[in-house]
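To start, the structure itself, in structure tokens.
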Protein chains: 2
Amino acid sequence: MDYVNLAEDTLRTFTVTTFQAIGVPEDDARQAADVLLKSDLRGIDSHGVARLSGYVRLWEKKRINPNPTVRIVHETHSTATVDGDSGLGLVVAPKAMKIAIEKAEAHGSGWVSVRNSNHFGIAAYHAMMALEKDMIGLSMTNASPLVSPTYSAERLLGTNPICYAFPAGKYPPVIVDMATAAAANGKLEIAQRTETGIPEGWIQNKYGHPSTDPTELRQGGALLPLGSYPTHGSHKGFCLSATVDILSSVLSGANYGPWVPPFVAFLEPPSDPVGLGIGHFLGAMRVDGFRPAQEFKQHMDNWVERFKRAKPIDESVPVIIPGEPEYAAEQDRTANGIPIIRAVYEDLKHLSRKFNIALD
Amino acid sequence: MDYVNLAEDTLRTFTVTTFQAIGVPEDDARQAADVLLKSDLRGIDSHGVARLSGYVRLWEKKRINPNPTVRIVHETHSTATVDGDSGLGLVVAPKAMKIAIEKAEAHGSGWVSVRNSNHFGIAAYHAMMALEKDMIGLSMTNASPLVSPTYSAERLLGTNPICYAFPAGKYPPVIVDMATAAAANGKLEIAQRTETGIPEGWIQNKYGHPSTDPTELRQGGALLPLGSYPTHGSHKGFCLSATVDILSSVLSGANYGPWVPPFVAFLEPPSDPVGLGIGHFLGAMRVDGFRPAQEFKQHMDNWVERFKRAKPIDESVPVIIPGEPEYAAEQDRTANGIPIIRAVYEDLKHLSRKFNIALD
């Protein structure tokens, strides 16, 4: 594919200024840009600046409030429900995660369910906020319905990601960051764009039959839950996705299941909502609420070392520690710039002209 | 298969008395039996009284302390590490879960990492303890290494189950209870016993190649993580299993990865332990730490109803709500007795003669 290489700073300044152009206050604009840039730096191109124009279109449809009042509506020492006031998830989720971290500082752990929010970018950003305090971080979110439950031909769940962030010692933190569908929607989008077939086990067609044609997803098909088929445990992927949906939205008072509003501006939200916006669930636990942080980190290092030297099936393909590829991408792209797909670059140039903001 | 039907009370009395025969105090024996009976009642035959003789053999090898002092070794308002003093997991885990629930009552949530424990039975038992207090329960445990990480030919992880229990209103609670491997080891054991082939995607042989021969598991093969193959997201199953391993054992100071002691008495634990016993992670969150419990339950009912009427692929196979089959089994077996496989019944008769305890 054709790429344009941009330095982190160039892209960051452009993104901050674009958010400010739609009325986001400067601090919030910096926060939102930081989430998107983190995604691009970590090599998760689908969730970075590629989505900037999408947020702008949602704002044009008045589905995003650029200057929300994010507030706690219910709380105990270690739990809270936060209302995001229809703000950008990129702003709401970090604010909610700060609340979780403050509760953890005071009481050992903090758990925040969020309603009335929007797409929050990569789950890892929020969970990783806990790391600098020697905490374990958790983040999850529900999302527009694209995935069918096992045995169903109907889309009722999002790709509903789960992320856990664990601090380590001399090794990078262990970051588990996974959609609960068999394949990420980003991979499907690439296959649809390039018109290439996909492996079986990723999607089903509108009748619920297995398909290797990515265009069937847009013709009433659905992504399959992690596990792909009942014989391979797809009900477990469904269960995980259900867990994310319940903790994020039934618990907070957001929309769940098929009522989750779509992320794309050209699709209207359901006319019979069961809650407010989309939901997230965020958590932080002090490591030293369980054992001294130094001890934990030494054992995390031992865990990482043991799994790194796991006997490989193929000597040239070693076991990958969760978060290792994203860490390597971040080192590389911080130093060498971020390769932006030509189509995304054109999208940014369009925003550049629209708001009269320089992109180089 | 050939079954013997036993009433719940008969089996319960026998199990309590057997635990007492190996020195378990009466209250603890009742608790341990309750965990095993719950498994048999819920139709999870592999984790009920079928394991009773296994616990006895571990006690004979002095690997289970029948009368442990379970104690908190580290805590904050909402977190704790509990040392199980080598006790039965069936006793240690409920005590640790009670601590989590007490912390949740006082501070909104409670999270307990457990070290120096043993096999804790079904994960659902412990998570479900939270339900009667209108709390959401979580339980997980690591286990003897049987599962290979993606790209490895080595067994480094257990089937490491995760369970979430969510209270509902007029419907039974939603219980997500899943091993993080593609197939449960119990299914493999049945296939090995009956010498029938298994679907691809469940195991690999000692070279890490796909296999449909269940006997290869005992010849150096391994269970595959949920997702089965890299193209189907098996790294996500690996990530989930790693999460369970870290929260249960790196956090508490128990053994993790390949150091987890085997559940079977004929295999010796590793001679170079990295911690104490096996580990669990248990949690409880007050629903009304987030929103009024009545509201939550109404929306849980709505969630259940919507998923129950999901459009099926095949009209005769409806979508299954997590926990529904186990709830149905519990209703049936409580009323009609528990069918015990002949081989398990012979095992119980053996214990009956050994300890001179009546089994009918």
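We label chains A, B, ... in the order they appear in the structure tokens, count residues from 1 in each chain, and number ligands from 1 in the order shown.
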Write out as a tab-separated table a residue-level contact list of chain B versus chain A with cut-off 7 Å: for each qualifying residue the closest pair of atoms and the distance in Å to one decimal, counting only C-alpha atoms, rows sorted by chain and residue number upward.
```
residue	atom	partner	partner_atom	distance
B:His74	CA	A:Phe290	CA	5.9
B:Glu75	CA	A:Gly289	CA	5.7
B:Thr76	CA	A:Gly108	CA	5.4
B:His77	CA	A:His107	CA	5.1
B:Ser78	CA	A:Gly108	CA	5.4
B:Thr79	CA	A:Gly289	CA	5.7
B:Ala80	CA	A:Phe290	CA	5.5
B:Thr81	CA	A:Phe290	CA	5.2
B:His107	CA	A:His77	CA	5.1
B:Gly108	CA	A:Thr76	CA	5.4
B:Ser109	CA	A:Ser78	CA	6.0
B:Thr150	CA	A:Val319	CA	6.5
B:Tyr151	CA	A:Val319	CA	5.5
B:Ser152	CA	A:Pro312	CA	4.2
B:Ala153	CA	A:Ile313	CA	5.1
B:Glu154	CA	A:Lys311	CA	5.6
B:Val176	CA	A:Cys239	CA	5.8
B:Met178	CA	A:Lys236	CA	6.3
B:Ala182	CA	A:His232	CA	5.5
B:Ala183	CA	A:Gly233	CA	6.6
B:Gly201	CA	A:His232	CA	6.5
B:Tyr207	CA	A:Ile313	CA	6.4
B:Gly208	CA	A:Ile313	CA	5.4
B:Leu226	CA	A:Gly227	CA	5.9
B:Gly227	CA	A:Gly227	CA	4.4
B:His232	CA	A:Ala182	CA	5.5
B:Gly233	CA	A:Ala182	CA	5.6
B:Lys236	CA	A:Met178	CA	6.3
B:Cys239	CA	A:Val176	CA	5.8
B:Val250	CA	A:His299	CA	6.2
B:Leu251	CA	A:Phe296	CA	6.2
B:Ser252	CA	A:Phe290	CA	6.4
B:Gly289	CA	A:Thr76	CA	5.6
B:Phe290	CA	A:Thr81	CA	5.2
B:Arg291	CA	A:His74	CA	6.7
B:Phe296	CA	A:Leu251	CA	6.2
B:His299	CA	A:Val250	CA	6.2
B:Met300	CA	A:Val250	CA	6.7
B:Ala310	CA	A:Ser152	CA	6.2
B:Lys311	CA	A:Ser152	CA	5.5
B:Pro312	CA	A:Ser152	CA	4.2
B:Ile313	CA	A:Ser152	CA	5.1
B:Val317	CA	A:Tyr151	CA	6.7
B:Pro318	CA	A:Tyr151	CA	6.5
B:Val319	CA	A:Tyr151	CA	5.5
B:Pro322	CA	A:Cys239	CA	6.5
```
- Excluding stretch 21-33 of chain B and any residue of its chain fewer than 6 positions from it, enumerate the residues within 6 Å of it, using only C-alpha atoms, and give them as a list in words. Thr15, Pro66, Asn67, Leu90 and Val91 of chain B
Would you mind exporting C-alpha atoms of the selected residues as a JSON list (two decimals), in the first residue's frame?
```
[["chain", "number", "residue", "atom", "x", "y", "z"],
["B", 15, "THR", "CA", -19.21, -36.31, 50.63],
["B", 66, "PRO", "CA", -7.28, -30.70, 55.86],
["B", 67, "ASN", "CA", -7.39, -28.10, 58.62],
["B", 90, "LEU", "CA", -13.16, -25.85, 47.96],
["B", 91, "VAL", "CA", -12.75, -24.33, 51.43]]
```
- Query: What residues in stretch 268-360 of chain A get the DSSP label helix (DSSP H, G or I)? Please answer as an MDAnalysis selection string.
  - Reply: chainID A and resid 287:289 293:308 324:336 342:355
- Query: atom CA of B:Glu8 and atom CA of B:Ser139, how far apart in Å?
  - Reply: 25.1 Å
- Message: Report as a list of chain:residue names all protein, DNA and RNA residues lying within 8 Å of stretch 334-350 of chain B, evaluated on only C-alpha atoms, omitting residues in the same chain fewer than 2 positions from it.
- Response: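 Counting only C-alpha atoms, the residues come to B:Met1, B:Asp2, B:Tyr3, B:Val4, B:Asn5, B:Leu6, B:Ala7, B:Glu8, B:Asp40, B:Leu41, B:Asp45, B:Val49, B:Ala50, B:Leu52, B:Ser53, B:Glu330, B:Gln331, B:Asp332, B:Ser352, B:Arg353, B:Lys354, B:Leu359.
Considering the residues A:Ile203, A:Ala254, A:Ala191, A:Leu36 and counting only C-alpha atoms, A:Phe281 has its shortest atom-to-atom contact with A:Ala254.
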